[in-house]
>>> print(open('input_4.cif').read())   # mmCIF, C-alpha atoms
data_start
loop_
_atom_site.label_atom_id
_atom_site.label_comp_id
_atom_site.auth_asym_id
_atom_site.auth_seq_id
_atom_site.Cartn_x
_atom_site.Cartn_y
_atom_site.Cartn_z
CA MET H 1 -5.86 1.19 24.82
CA ASP H 2 -7.76 4.40 24.08
CA PHE H 3 -11.13 3.92 22.35
CA ALA H 4 -11.98 7.60 21.99
CA ASP H 5 -10.31 10.50 20.20
CA SER H 6 -8.54 13.02 22.38
CA PRO H 7 -10.27 16.44 22.45
CA ALA H 8 -7.79 17.78 19.87
CA ASP H 9 -8.24 14.74 17.62
CA ALA H 10 -12.03 14.86 17.96
CA GLN H 11 -11.95 18.48 16.80
CA PHE H 12 -9.67 17.55 13.91
CA ARG H 13 -12.03 14.72 12.90
CA ALA H 14 -15.03 17.06 12.97
CA HIS H 15 -13.29 19.64 10.79
CA ALA H 16 -12.09 16.96 8.35
CA ARG H 17 -15.59 15.50 8.12
CA GLU H 18 -17.08 18.92 7.40
CA TRP H 19 -14.48 19.66 4.73
CA LEU H 20 -14.97 16.31 3.03
CA ALA H 21 -18.75 16.73 3.03
CA VAL H 22 -18.28 19.87 0.95
CA HIS H 23 -15.37 18.92 -1.30
CA ALA H 24 -15.29 15.12 -1.76
CA PRO H 25 -16.90 14.06 -5.06
CA VAL H 26 -19.17 11.10 -4.29
CA THR H 27 -20.34 9.48 -1.06
CA ARG H 28 -20.11 5.70 -0.96
CA GLY H 29 -23.42 4.04 -1.70
CA ARG H 30 -24.51 6.70 -4.21
CA GLY H 31 -22.76 5.06 -7.13
CA ARG H 32 -19.06 4.60 -7.75
CA VAL H 33 -16.89 6.92 -9.77
CA SER H 34 -15.40 5.16 -12.82
CA TRP H 35 -11.94 5.95 -14.19
CA SER H 36 -11.73 4.26 -17.55
CA ASP H 37 -7.97 4.50 -18.04
CA ASP H 38 -4.75 5.65 -16.39
CA ALA H 39 -4.95 9.15 -17.85
CA THR H 40 -8.45 9.69 -16.45
CA LEU H 41 -7.48 8.25 -13.06
CA VAL H 42 -4.33 10.39 -12.81
CA ALA H 43 -6.21 13.55 -13.81
CA ALA H 44 -8.89 12.90 -11.17
CA ALA H 45 -6.29 12.06 -8.53
CA ARG H 46 -4.23 15.15 -9.33
CA GLU H 47 -7.27 17.38 -8.96
CA TRP H 48 -8.23 15.75 -5.64
CA GLN H 49 -4.65 15.93 -4.37
CA SER H 50 -4.45 19.63 -5.21
CA LYS H 51 -7.66 20.29 -3.28
CA LYS H 52 -6.36 18.44 -0.24
CA ALA H 53 -2.99 20.20 -0.41
CA ALA H 54 -4.63 23.62 -0.43
CA ALA H 55 -6.56 22.69 2.72
CA GLY H 56 -3.62 21.03 4.51
CA TYR H 57 -5.01 17.51 4.20
CA ALA H 58 -2.71 16.12 1.49
CA ALA H 59 -0.04 14.98 3.96
CA VAL H 60 -1.44 15.68 7.40
CA ALA H 61 1.55 14.44 9.40
CA LEU H 62 4.33 16.01 7.32
CA PRO H 63 5.92 19.40 8.16
CA ARG H 64 4.23 22.59 7.02
CA GLU H 65 7.50 23.88 5.57
CA PHE H 66 7.21 21.27 2.81
CA GLY H 67 3.48 21.71 2.24
CA GLY H 68 2.26 19.18 4.78
CA GLY H 69 -0.40 19.68 7.42
CA GLY H 70 1.96 19.81 10.38
CA GLY H 71 -0.31 17.41 12.29
CA THR H 72 0.23 14.10 14.01
CA ALA H 73 0.37 10.54 12.70
CA THR H 74 -2.90 9.90 14.54
CA GLN H 75 -4.57 12.76 12.66
CA GLN H 76 -3.26 11.35 9.39
CA VAL H 77 -5.04 8.07 10.16
CA ILE H 78 -8.19 9.94 11.23
CA PHE H 79 -8.35 11.83 7.93
CA ARG H 80 -7.87 8.60 5.98
CA GLN H 81 -10.71 6.97 7.92
CA GLU H 82 -13.03 9.86 7.08
CA GLU H 83 -11.87 10.03 3.46
CA GLU H 84 -12.70 6.37 2.91
CA ARG H 85 -16.38 7.24 3.24
CA TYR H 86 -16.12 8.71 -0.27
CA ASP H 87 -15.35 7.40 -3.72
CA VAL H 88 -12.23 9.46 -4.28
CA PRO H 89 -9.32 8.40 -6.50
CA PHE H 90 -7.11 6.32 -4.21
CA GLY H 91 -3.99 4.55 -5.39
CA VAL H 92 -2.06 7.18 -7.35
CA TYR H 93 -0.36 9.17 -4.58
CA GLU H 94 -0.64 6.74 -1.66
CA ILE H 95 2.72 4.98 -2.14
CA GLY H 96 4.55 8.26 -2.66
CA LEU H 97 3.04 10.08 0.30
CA GLY H 98 2.79 7.07 2.58
CA MET H 99 6.22 5.55 2.00
CA CYS H 100 8.52 7.42 -0.39
CA VAL H 101 8.15 11.00 0.86
CA PRO H 102 8.58 10.07 4.56
CA THR H 103 11.73 8.19 3.52
CA LEU H 104 13.03 11.28 1.70
CA LEU H 105 12.29 13.32 4.81
CA ALA H 106 14.15 10.83 7.02
CA LEU H 107 17.16 10.11 4.77
CA GLY H 108 17.39 12.81 2.11
CA SER H 109 19.78 15.74 1.93
CA ASP H 110 18.50 19.30 2.08
CA LEU H 111 18.73 19.41 -1.71
CA VAL H 112 16.58 16.28 -2.03
CA LYS H 113 13.99 17.53 0.45
CA GLU H 114 13.67 20.93 -1.22
CA ARG H 115 13.52 19.44 -4.71
CA PHE H 116 10.98 16.67 -4.20
CA ILE H 117 8.81 16.78 -1.09
CA ALA H 118 6.58 19.80 -1.71
CA ARG H 119 6.00 18.81 -5.34
CA ALA H 120 4.91 15.33 -4.28
CA ILE H 121 2.54 16.67 -1.63
CA ASN H 122 0.98 19.17 -4.03
CA GLY H 123 0.39 16.44 -6.59
CA ASP H 124 2.85 17.72 -9.19
CA GLU H 125 4.90 14.50 -9.15
CA ILE H 126 3.95 10.86 -8.55
CA TRP H 127 6.22 8.28 -6.91
CA CYS H 128 6.58 4.51 -6.95
CA GLN H 129 8.74 1.98 -5.13
CA LEU H 130 11.09 -0.34 -7.02
CA PHE H 131 12.02 -3.11 -4.58
CA SER H 132 10.74 -6.54 -5.71
CA GLU H 133 12.39 -8.49 -8.53
CA PRO H 134 11.58 -11.74 -10.34
CA ALA H 135 13.87 -13.65 -7.94
CA ALA H 136 13.66 -11.29 -4.96
CA GLY H 137 10.24 -10.63 -3.58
CA SER H 138 9.75 -12.11 -0.14
CA ASP H 139 13.53 -12.48 0.15
CA LEU H 140 14.20 -8.87 -0.85
CA ALA H 141 17.90 -8.99 0.08
CA ALA H 142 18.44 -11.49 -2.76
CA LEU H 143 17.91 -8.75 -5.37
CA ARG H 144 20.28 -8.62 -8.36
CA THR H 145 19.72 -5.16 -9.84
CA LYS H 146 23.19 -3.62 -9.68
CA ALA H 147 24.52 -0.07 -9.50
CA VAL H 148 28.14 0.73 -10.39
CA LYS H 149 29.83 4.01 -9.46
CA ALA H 150 31.16 6.00 -12.42
CA GLY H 151 32.53 9.38 -11.36
CA ASP H 152 29.76 11.55 -9.94
CA HIS H 153 26.98 9.18 -10.93
CA TRP H 154 25.87 5.55 -10.79
CA VAL H 155 24.91 3.27 -13.68
CA VAL H 156 22.06 0.87 -12.90
CA GLU H 157 21.22 -2.39 -14.64
CA GLY H 158 18.45 -4.78 -13.71
CA GLN H 159 14.77 -5.57 -13.55
CA LYS H 160 12.02 -4.84 -11.03
CA VAL H 161 8.53 -6.33 -10.98
CA TRP H 162 5.13 -5.79 -9.34
CA THR H 163 5.85 -2.05 -9.23
CA THR H 164 2.51 -0.39 -8.52
CA GLY H 165 1.82 2.75 -10.54
CA ALA H 166 5.15 2.76 -12.38
CA GLN H 167 3.37 3.55 -15.65
CA PHE H 168 2.35 7.02 -14.46
CA SER H 169 5.13 7.74 -11.93
CA ASP H 170 7.69 10.50 -12.29
CA TYR H 171 10.20 9.24 -9.70
CA GLY H 172 10.79 6.14 -7.63
CA LEU H 173 12.87 4.70 -4.83
CA VAL H 174 15.09 1.94 -6.18
CA LEU H 175 17.10 -0.54 -4.11
CA ALA H 176 20.19 -1.85 -5.92
CA ARG H 177 23.27 -3.96 -5.16
CA THR H 178 26.43 -1.88 -5.09
CA ASP H 179 28.82 -4.43 -3.52
CA PRO H 180 28.31 -8.04 -4.62
CA GLY H 181 31.27 -9.07 -2.47
CA ALA H 182 29.47 -8.11 0.73
CA THR H 183 26.85 -10.22 2.46
CA LYS H 184 23.39 -10.07 0.91
CA HIS H 185 22.01 -7.47 3.34
CA ALA H 186 25.19 -5.38 3.52
CA GLY H 187 25.82 -4.73 -0.18
CA LEU H 188 22.71 -2.68 -1.01
CA THR H 189 22.15 1.05 -1.57
CA LEU H 190 18.94 3.09 -1.86
CA PHE H 191 18.57 5.65 -4.68
CA ILE H 192 16.05 7.99 -6.29
CA VAL H 193 15.47 7.15 -9.96
CA ASP H 194 13.90 9.38 -12.59
CA MET H 195 11.23 7.18 -14.19
CA ARG H 196 11.49 9.22 -17.43
CA ALA H 197 15.28 8.79 -17.70
CA PRO H 198 16.79 7.05 -20.74
CA GLY H 199 16.98 3.30 -20.18
CA VAL H 200 13.86 3.03 -18.00
CA GLU H 201 11.24 0.83 -19.65
CA VAL H 202 7.87 0.17 -17.99
CA ARG H 203 5.71 -2.74 -19.10
CA PRO H 204 2.25 -2.93 -17.45
CA ILE H 205 1.09 -6.38 -16.32
CA ARG H 206 -2.51 -7.07 -17.32
CA GLN H 207 -4.47 -8.48 -14.39
CA LEU H 208 -7.38 -10.88 -14.17
CA ASP H 209 -9.78 -8.02 -13.36
CA GLY H 210 -8.74 -6.17 -16.53
CA GLY H 211 -6.64 -3.56 -14.75
CA ALA H 212 -2.89 -3.01 -14.93
CA GLU H 213 -1.85 -1.61 -11.57
CA PHE H 214 1.40 -3.61 -11.48
CA ASN H 215 4.35 -3.32 -13.83
CA GLU H 216 7.67 -4.78 -14.86
CA VAL H 217 10.41 -2.14 -14.94
CA PHE H 218 13.60 -2.71 -16.92
CA LEU H 219 16.65 -0.58 -16.08
CA SER H 220 19.24 -0.54 -18.86
CA SER H 221 22.34 1.62 -18.21
CA VAL H 222 20.22 4.12 -16.27
CA VAL H 223 22.29 7.03 -14.95
CA ILE H 224 21.54 8.22 -11.39
CA PRO H 225 23.43 11.26 -10.04
CA ASP H 226 25.22 10.58 -6.75
CA GLU H 227 23.17 13.39 -5.17
CA PHE H 228 20.15 11.12 -5.63
CA ARG H 229 21.74 8.45 -3.41
CA LEU H 230 19.74 8.30 -0.15
CA THR H 231 22.00 6.02 1.93
CA ALA H 232 25.69 5.44 2.28
CA PRO H 233 26.91 2.73 -0.12
CA GLY H 234 26.04 -0.54 1.57
CA GLY H 235 23.44 1.08 3.83
CA GLY H 236 20.48 0.34 1.61
CA TRP H 237 18.94 -2.40 3.74
CA ALA H 238 18.43 -0.01 6.65
CA GLY H 239 17.03 2.53 4.19
CA ALA H 240 14.59 -0.04 2.80
CA MET H 241 13.49 -0.93 6.33
CA THR H 242 12.85 2.77 6.93
CA THR H 243 10.51 2.78 3.92
CA LEU H 244 8.73 -0.38 5.08
CA MET H 245 8.39 1.03 8.59
CA PHE H 246 6.40 3.92 7.12
CA GLU H 247 4.27 1.35 5.28
CA ARG H 248 3.16 0.09 8.69
CA LEU H 249 1.85 3.54 9.54
CA ASN H 250 -0.66 3.32 6.69
CA VAL H 251 -3.16 1.52 8.89
CA GLY H 252 -6.74 1.60 7.69
CA ALA H 253 -5.78 2.36 4.10
CA ASN H 254 -8.47 1.49 1.61
CA ILE H 255 -7.37 -1.45 -0.56
CA GLY H 256 -10.86 -1.90 -2.00
CA LEU H 257 -11.65 -5.37 -0.67
CA ILE H 258 -14.95 -6.51 0.84
CA ASP H 259 -15.52 -7.41 4.50
CA SER H 260 -18.20 -8.93 6.73
CA SER H 261 -20.64 -6.08 6.05
CA THR H 262 -20.78 -7.06 2.37
CA LEU H 263 -21.39 -10.70 3.29
CA ILE H 264 -24.19 -9.74 5.69
CA ASP H 265 -25.82 -7.42 3.17
CA LEU H 266 -25.70 -9.62 0.07
CA SER H 267 -26.46 -12.95 1.76
CA GLY H 268 -29.46 -11.32 3.44
CA ARG H 269 -30.83 -10.28 0.03
CA LEU H 270 -29.90 -13.41 -1.90
CA GLU H 271 -32.48 -16.14 -2.46
CA THR H 272 -31.17 -19.62 -3.22
CA SER H 273 -32.94 -22.90 -4.02
CA THR H 274 -33.14 -23.64 -0.28
CA GLY H 275 -34.20 -20.19 0.88
CA ARG H 276 -32.45 -17.01 1.92
CA ALA H 277 -28.68 -17.47 1.89
CA SER H 278 -28.14 -15.90 5.31
CA ASP H 279 -30.41 -18.56 6.88
CA ASP H 280 -28.03 -21.35 5.85
CA PRO H 281 -26.04 -22.58 8.90
CA LEU H 282 -22.74 -22.68 6.99
CA VAL H 283 -23.24 -19.13 5.73
CA ARG H 284 -24.09 -17.98 9.23
CA ASP H 285 -20.88 -19.56 10.52
CA MET H 286 -18.93 -17.65 7.88
CA ILE H 287 -20.70 -14.40 8.80
CA ALA H 288 -19.84 -14.89 12.46
CA GLN H 289 -16.19 -15.62 11.74
CA ALA H 290 -15.84 -12.69 9.34
CA TYR H 291 -17.51 -10.32 11.79
CA LEU H 292 -15.18 -11.42 14.61
CA ASN H 293 -12.16 -10.98 12.33
CA ASP H 294 -13.27 -7.46 11.37
CA ARG H 295 -13.91 -6.59 15.01
CA GLY H 296 -10.44 -7.85 15.92
CA LEU H 297 -8.88 -5.70 13.19
CA LYS H 298 -10.78 -2.68 14.42
CA LEU H 299 -9.41 -3.22 17.92
CA LEU H 300 -5.91 -3.62 16.44
CA THR H 301 -6.40 -0.25 14.72
CA TYR H 302 -7.39 1.30 18.05
CA ARG H 303 -4.18 -0.09 19.56
CA THR H 304 -2.14 1.42 16.74
CA LEU H 305 -3.85 4.79 17.18
CA THR H 306 -3.01 4.59 20.88
CA TYR H 307 0.65 3.97 20.05
CA LEU H 308 0.69 6.87 17.61
CA GLY H 309 -1.01 9.15 20.11
CA ARG H 310 1.77 8.39 22.58
CA GLY H 311 4.46 9.15 20.02
CA GLN H 312 5.31 5.45 19.53
CA LEU H 313 5.56 3.49 16.29
CA PRO H 314 3.32 0.48 15.60
CA GLY H 315 5.14 -2.83 15.77
CA PRO H 316 5.25 -5.98 13.65
CA GLU H 317 1.73 -6.92 14.76
CA GLN H 318 0.57 -4.71 11.88
CA SER H 319 1.34 -7.71 9.65
CA ILE H 320 -1.87 -9.26 10.97
CA THR H 321 -4.05 -6.66 9.24
CA LYS H 322 -3.23 -7.41 5.60
CA LEU H 323 -2.98 -11.15 6.25
CA VAL H 324 -6.58 -11.21 7.50
CA ILE H 325 -8.12 -8.65 5.12
CA ALA H 326 -6.82 -10.16 1.87
CA SER H 327 -7.47 -13.84 2.66
CA GLN H 328 -10.89 -13.16 4.17
CA ALA H 329 -12.00 -11.06 1.19
CA GLN H 330 -11.19 -13.96 -1.12
CA LEU H 331 -13.12 -16.42 1.04
CA ILE H 332 -16.17 -14.14 1.21
CA ALA H 333 -16.10 -13.49 -2.55
CA ASN H 334 -15.81 -17.20 -3.33
CA LEU H 335 -18.73 -18.02 -1.03
CA LEU H 336 -21.00 -15.31 -2.45
CA LEU H 337 -20.28 -16.24 -6.07
CA ASP H 338 -20.83 -19.94 -5.27
CA LEU H 339 -24.20 -19.04 -3.73
CA ARG H 340 -25.22 -17.48 -7.07
CA GLY H 341 -24.66 -20.84 -8.77
CA GLN H 342 -24.20 -20.57 -12.52
CA GLU H 343 -24.98 -16.84 -12.34
CA GLY H 344 -21.75 -16.39 -10.39
CA ALA H 345 -19.87 -16.62 -13.69
CA LEU H 346 -21.47 -13.38 -14.90
CA ALA H 347 -19.70 -10.02 -14.66
CA GLY H 348 -20.28 -8.15 -11.42
CA ASP H 349 -22.20 -5.30 -13.03
CA ALA H 350 -24.72 -7.82 -14.40
CA LEU H 351 -25.47 -9.25 -10.96
CA GLY H 352 -26.74 -6.03 -9.37
CA LYS H 353 -25.77 -3.57 -6.65
CA GLY H 354 -22.74 -4.59 -4.59
CA TRP H 355 -21.58 -7.43 -6.81
CA GLU H 356 -18.85 -5.48 -8.65
CA ALA H 357 -17.01 -5.24 -5.33
CA VAL H 358 -17.38 -9.01 -4.92
CA GLU H 359 -15.95 -9.60 -8.38
CA ARG H 360 -13.01 -7.31 -7.61
CA SER H 361 -12.22 -9.12 -4.36
CA TRP H 362 -12.47 -12.47 -6.12
CA SER H 363 -10.05 -11.44 -8.88
CA PHE H 364 -7.81 -8.96 -7.04
CA GLY H 365 -7.69 -10.67 -3.65
CA ALA H 366 -5.04 -13.09 -4.87
CA ALA H 367 -2.75 -10.21 -5.81
CA MET H 368 -3.18 -8.62 -2.37
CA ARG H 369 -2.02 -11.88 -0.76
CA ILE H 370 1.31 -11.28 -2.50
CA ALA H 371 1.72 -7.50 -2.63
CA GLY H 372 3.24 -5.92 0.47
CA GLY H 373 4.45 -9.28 1.77
CA THR H 374 3.14 -12.76 0.99
CA ASP H 375 0.94 -14.63 3.44
CA GLU H 376 3.87 -16.91 4.24
CA ILE H 377 6.26 -14.04 5.02
CA LEU H 378 3.65 -12.28 7.15
CA ARG H 379 3.11 -15.47 9.14
CA ASN H 380 6.87 -15.70 9.68
CA VAL H 381 6.93 -12.08 10.90
CA ILE H 382 4.06 -12.75 13.30
CA ALA H 383 5.63 -15.99 14.52
CA GLU H 384 9.11 -14.59 15.09
CA ARG H 385 8.53 -10.96 16.05
CA VAL H 386 5.11 -11.05 17.71
CA LEU H 387 4.93 -14.53 19.27
CA GLY H 388 8.67 -14.84 19.87
CA LEU H 389 9.07 -18.23 18.18
CA PRO H 390 12.54 -19.31 16.97
CA ALA H 391 13.62 -17.74 13.68
CA ALA H 392 13.97 -19.87 10.59
CA LYS H 393 17.55 -21.01 10.04
CA ARG H 394 19.26 -19.37 7.05
CA ASP H 395 22.61 -20.38 5.55
CA ASP H 396 22.96 -17.61 2.95
CA THR H 397 23.28 -14.52 5.14
CA ALA H 398 26.86 -14.86 6.42
CA ARG H 399 28.80 -15.39 3.20
CA PRO H 400 29.39 -12.88 0.37
CA PHE H 401 26.40 -12.51 -1.94
CA ASN H 402 28.39 -13.49 -5.05
CA GLU H 403 29.24 -16.83 -3.40
CA ASN H 404 25.61 -17.78 -2.87
CA PRO H 405 24.04 -20.19 -5.37
CA ALA H 406 22.30 -18.35 -8.21
#
>>> encode(input="input_4.cif", output="structure tokens")
Amino acid sequence: MDFADSPADAQFRAHAREWLAVHAPVTRGRGRVSWSDDATLVAAAREWQSKKAAAGYAAVALPREFGGGGGTATQQVIFRQEEERYDVPFGVYEIGLGMCVPTLLALGSDLVKERFIARAINGDEIWCQLFSEPAAGSDLAALRTKAVKAGDHWVVEGQKVWTTGAQFSDYGLVLARTDPGATKHAGLTLFIVDMRAPGVEVRPIRQLDGGAEFNEVFLSSVVIPDEFRLTAPGGGWAGAMTTLMFERLNVGANIGLIDSSTLIDLSGRLETSTGRASDDPLVRDMIAQAYLNDRGLKLLTYRTLTYLGRGQLPGPEQSITKLVIASQAQLIANLLLDLRGQEGALAGDALGKGWEAVERSWSFGAAMRIAGGTDEILRNVIAERVLGLPAAKRDDTARPFNENPA
């Protein structure tokens, strides 16, 4: 495992840090930027994306011919690490650039690449990913959205859910069933869908924290040209795995949840009826455990950077990262709010500096234990693919999908 940047990567980090110091809006700790609605967030994100694209930082690891930086996957991670020091508008372009655009680059035709990639990198178009459904989240291959061939196009009917950013997206990757007579994994196909096309209806889902990052998407007789088909009919599962493989490369991405540093800071400043919170033995135990977890994740990131630096892809051990971050953030938030007693019921901005982040982790942490793979699925991945334990027995994978119980 390499703990230090290579000379080339160290130089890249220094240049990125200098550029961000000049161009990034607000340094963390000097007050957070507030985007009151989707329109304000998208406008701020588009402006920031345009700045990064002009400097070659919008998609560091993608080819220059499409507007990328022409750098390495390691340098992409380095830039993200440096960028997270600032309160910049994350969340609008991350799914498109981190998962959708690399999939287009890997699977798309020349027409698709020329039409979409540069515009996504420059910030002209926003992408989302339409995979999960009401009855197909963790078991994605159970999806029921269907696409039927009709001449030179496909007609799609179905429903997707938990689609992040669908309300302001221009295009999306949609996984649909094209052969119900094939086995559940074999009858799928991956498409590009125009999110403004007739028949696409987006309904935001209001969250506990007041936001609406997730959406239901209804697809009613939506027409998709065959040239927007990314895989051979029936090859959609491999295409979806390509997309999810790129998701693994987004190590270190900022999901806005608190860690041990927040617990150390706030418990050290919080006075309770028995004294300073950080002097309580149970709180100190929690601090120690959270710190060790964060240190372990940092070492896991170093391992991933080592893989990337050697031209290798990170493996299924990346499932550990989100499993730990999301569950730990909830535990820390619950503890801190409990330590405030009755005051813990107040809004974060009424409790003082640092407590809005606690409130967000308390309310949004539950969603992050579902999004991107539930805790249970991640544990299965770790058990089967990291520890080598026997796989769970399934009886619905060998027979045709339309013969499985509804």
>>> resolve_selection(input="input_4.cif", expression="the PyMOL selection byres ((chain H and resi 120-131) around 7)", output="MDAnalysis selection string")
chainID H and resid 46 49:50 53 58:59 67:68 93 95:97 100 116:119 132:133 160 163:166 169:175
>>> resolve_selection(input="input_4.cif", expression="the PyMOL selection byres ((chain H and resi 16) around 10)", output="number ranges by chain")
H: 10-15, 17-21, 55, 57, 75, 78-80, 82-83
>>> resolve_selection(input="input_4.cif", expression="the PyMOL selection byres ((chain H and resi 392-401) around 6)", output="mmCIF file with C-alpha atoms, keeping the file's coordinate frame")
data_model
loop_
_atom_site.group_PDB
_atom_site.id
_atom_site.type_symbol
_atom_site.label_atom_id
_atom_site.label_comp_id
_atom_site.auth_asym_id
_atom_site.auth_seq_id
_atom_site.Cartn_x
_atom_site.Cartn_y
_atom_site.Cartn_z
ATOM 1 C CA PRO H 180 28.310 -8.040 -4.620
ATOM 2 C CA GLY H 181 31.270 -9.070 -2.470
ATOM 3 C CA ALA H 182 29.470 -8.110 0.730
ATOM 4 C CA THR H 183 26.850 -10.220 2.460
ATOM 5 C CA LYS H 184 23.390 -10.070 0.910
ATOM 6 C CA ALA H 391 13.620 -17.740 13.680
ATOM 7 C CA ASN H 402 28.390 -13.490 -5.050
ATOM 8 C CA GLU H 403 29.240 -16.830 -3.400
ATOM 9 C CA ASN H 404 25.610 -17.780 -2.870
#
>>> closest_residue(input="input_4.cif", among="H:Val60, H:Leu387, H:Arg269, H:Gly275", to="Gly352 of chain H", atoms="all atoms listed in the file")
H:Arg269
>>> residues_near_point(input="input_4.cif", point="(-9.9, -18.6, 2.1)", cutoff="12 Å", atoms="all atoms listed in the file", output="list in words")
Met286, Gln289, Ala290, Leu323, Val324, Ile325, Ala326, Ser327, Gln328, Ala329, Gln330, Leu331, Ile332, Ala333, Asn334, Leu335, Ser361, Trp362, Gly365, Ala366, Arg369 and Asp375 of chain H
>>> closest_residue(input="input_4.cif", among="H:Glu216, H:Glu84, H:Asp110, H:Glu227", to="Gly158 of chain H", atoms="all atoms listed in the file")
H:Glu216
>>> atom_distance(input="input_4.cif", atom1="atom CA of Ile258 of chain H", atom2="atom CA of Arg360 of chain H")
8.7 Å
>>> axis_aligned_box(input="input_4.cif", around="segment 148-156 of chain H", padding_each_side="6 Å", output="JSON")
{"center_x": 27.3, "center_y": 6.1, "center_z": -11.6, "size_x": 22.5, "size_y": 22.8, "size_z": 16.2}
>>> residues_around(input="input_4.cif", residues="Gly71 of chain H", least_positions_apart="6", cutoff="8 Å", atoms="only C-alpha atoms", output="PyMOL selection string")
chain H and resi 60-63
>>> closest_residue(input="input_4.cif", among="H:Ala357, H:Asn293, H:Ser138, H:Asp349", to="Leu378 of chain H", atoms="only C-alpha atoms")
H:Ser138
>>> atom_distance(input="input_4.cif", atom1="atom CA of Leu219 of chain H", atom2="atom CA of Ile370 of chain H")
23.1 Å
>>> atom_distance(input="input_4.cif", atom1="atom CA of Ala288 of chain H", atom2="atom CA of Ser260 of chain H")
8.4 Å
>>> closest_residue(input="input_4.cif", among="H:Ser278, H:Ala141, H:Gly70, H:Ile192", to="Pro225 of chain H", atoms="all atoms listed in the file")
H:Ile192
>>> closest_residue(input="input_4.cif", among="H:Pro204, H:Gly341, H:Pro233, H:Gly69", to="Lys149 of chain H", atoms="only C-alpha atoms")
H:Pro233
>>> residues_near_point(input="input_4.cif", point="(13.2, 1.5, 4.5)", cutoff="12 Å", atoms="only C-alpha atoms", output="VMD selection string")
chain H and resid 98 to 107 129 to 131 140 173 to 175 188 to 191 230 to 231 235 to 248
>>> write_last_selection(input="input_4.cif", atoms="C-alpha atoms", output="compact mmCIF listing (two decimals), keeping the file's coordinate frame")
# COMPACT_ATOMS: atom_id res chain seq x y z
CA GLY H 98 2.79 7.07 2.58
CA MET H 99 6.22 5.55 2.00
CA CYS H 100 8.52 7.42 -0.39
CA VAL H 101 8.15 11.00 0.86
CA PRO H 102 8.58 10.07 4.56
CA THR H 103 11.73 8.19 3.52
CA LEU H 104 13.03 11.28 1.70
CA LEU H 105 12.29 13.32 4.81
CA ALA H 106 14.15 10.83 7.02
CA LEU H 107 17.16 10.11 4.77
CA GLN H 129 8.74 1.98 -5.13
CA LEU H 130 11.09 -0.34 -7.02
CA PHE H 131 12.02 -3.11 -4.58
CA LEU H 140 14.20 -8.87 -0.85
CA LEU H 173 12.87 4.70 -4.83
CA VAL H 174 15.09 1.94 -6.18
CA LEU H 175 17.10 -0.54 -4.11
CA LEU H 188 22.71 -2.68 -1.01
CA THR H 189 22.15 1.05 -1.57
CA LEU H 190 18.94 3.09 -1.86
CA PHE H 191 18.57 5.65 -4.68
CA LEU H 230 19.74 8.30 -0.15
CA THR H 231 22.00 6.02 1.93
CA GLY H 235 23.44 1.08 3.83
CA GLY H 236 20.48 0.34 1.61
CA TRP H 237 18.94 -2.40 3.74
CA ALA H 238 18.43 -0.01 6.65
CA GLY H 239 17.03 2.53 4.19
CA ALA H 240 14.59 -0.04 2.80
CA MET H 241 13.49 -0.93 6.33
CA THR H 242 12.85 2.77 6.93
CA THR H 243 10.51 2.78 3.92
CA LEU H 244 8.73 -0.38 5.08
CA MET H 245 8.39 1.03 8.59
CA PHE H 246 6.40 3.92 7.12
CA GLU H 247 4.27 1.35 5.28
CA ARG H 248 3.16 0.09 8.69
>>> closest_residue(input="input_4.cif", among="H:Ile264, H:Val217, H:Val155, H:Val88", to="Pro134 of chain H", atoms="all atoms listed in the file")
H:Val217
>>> residues_around(input="input_4.cif", residues="Thr178 of chain H", least_positions_apart="4", cutoff="6 Å", atoms="all atoms listed in the file", output="MDAnalysis selection string")
chainID H and resid 146:147 187:188
>>> residues_around(input="input_4.cif", residues="Asp265 of chain H", least_positions_apart="5", cutoff="12 Å", atoms="all atoms listed in the file", output="PyMOL selection string")
chain H and resi 258-260+270+276-278+287+332+336+353-355+358
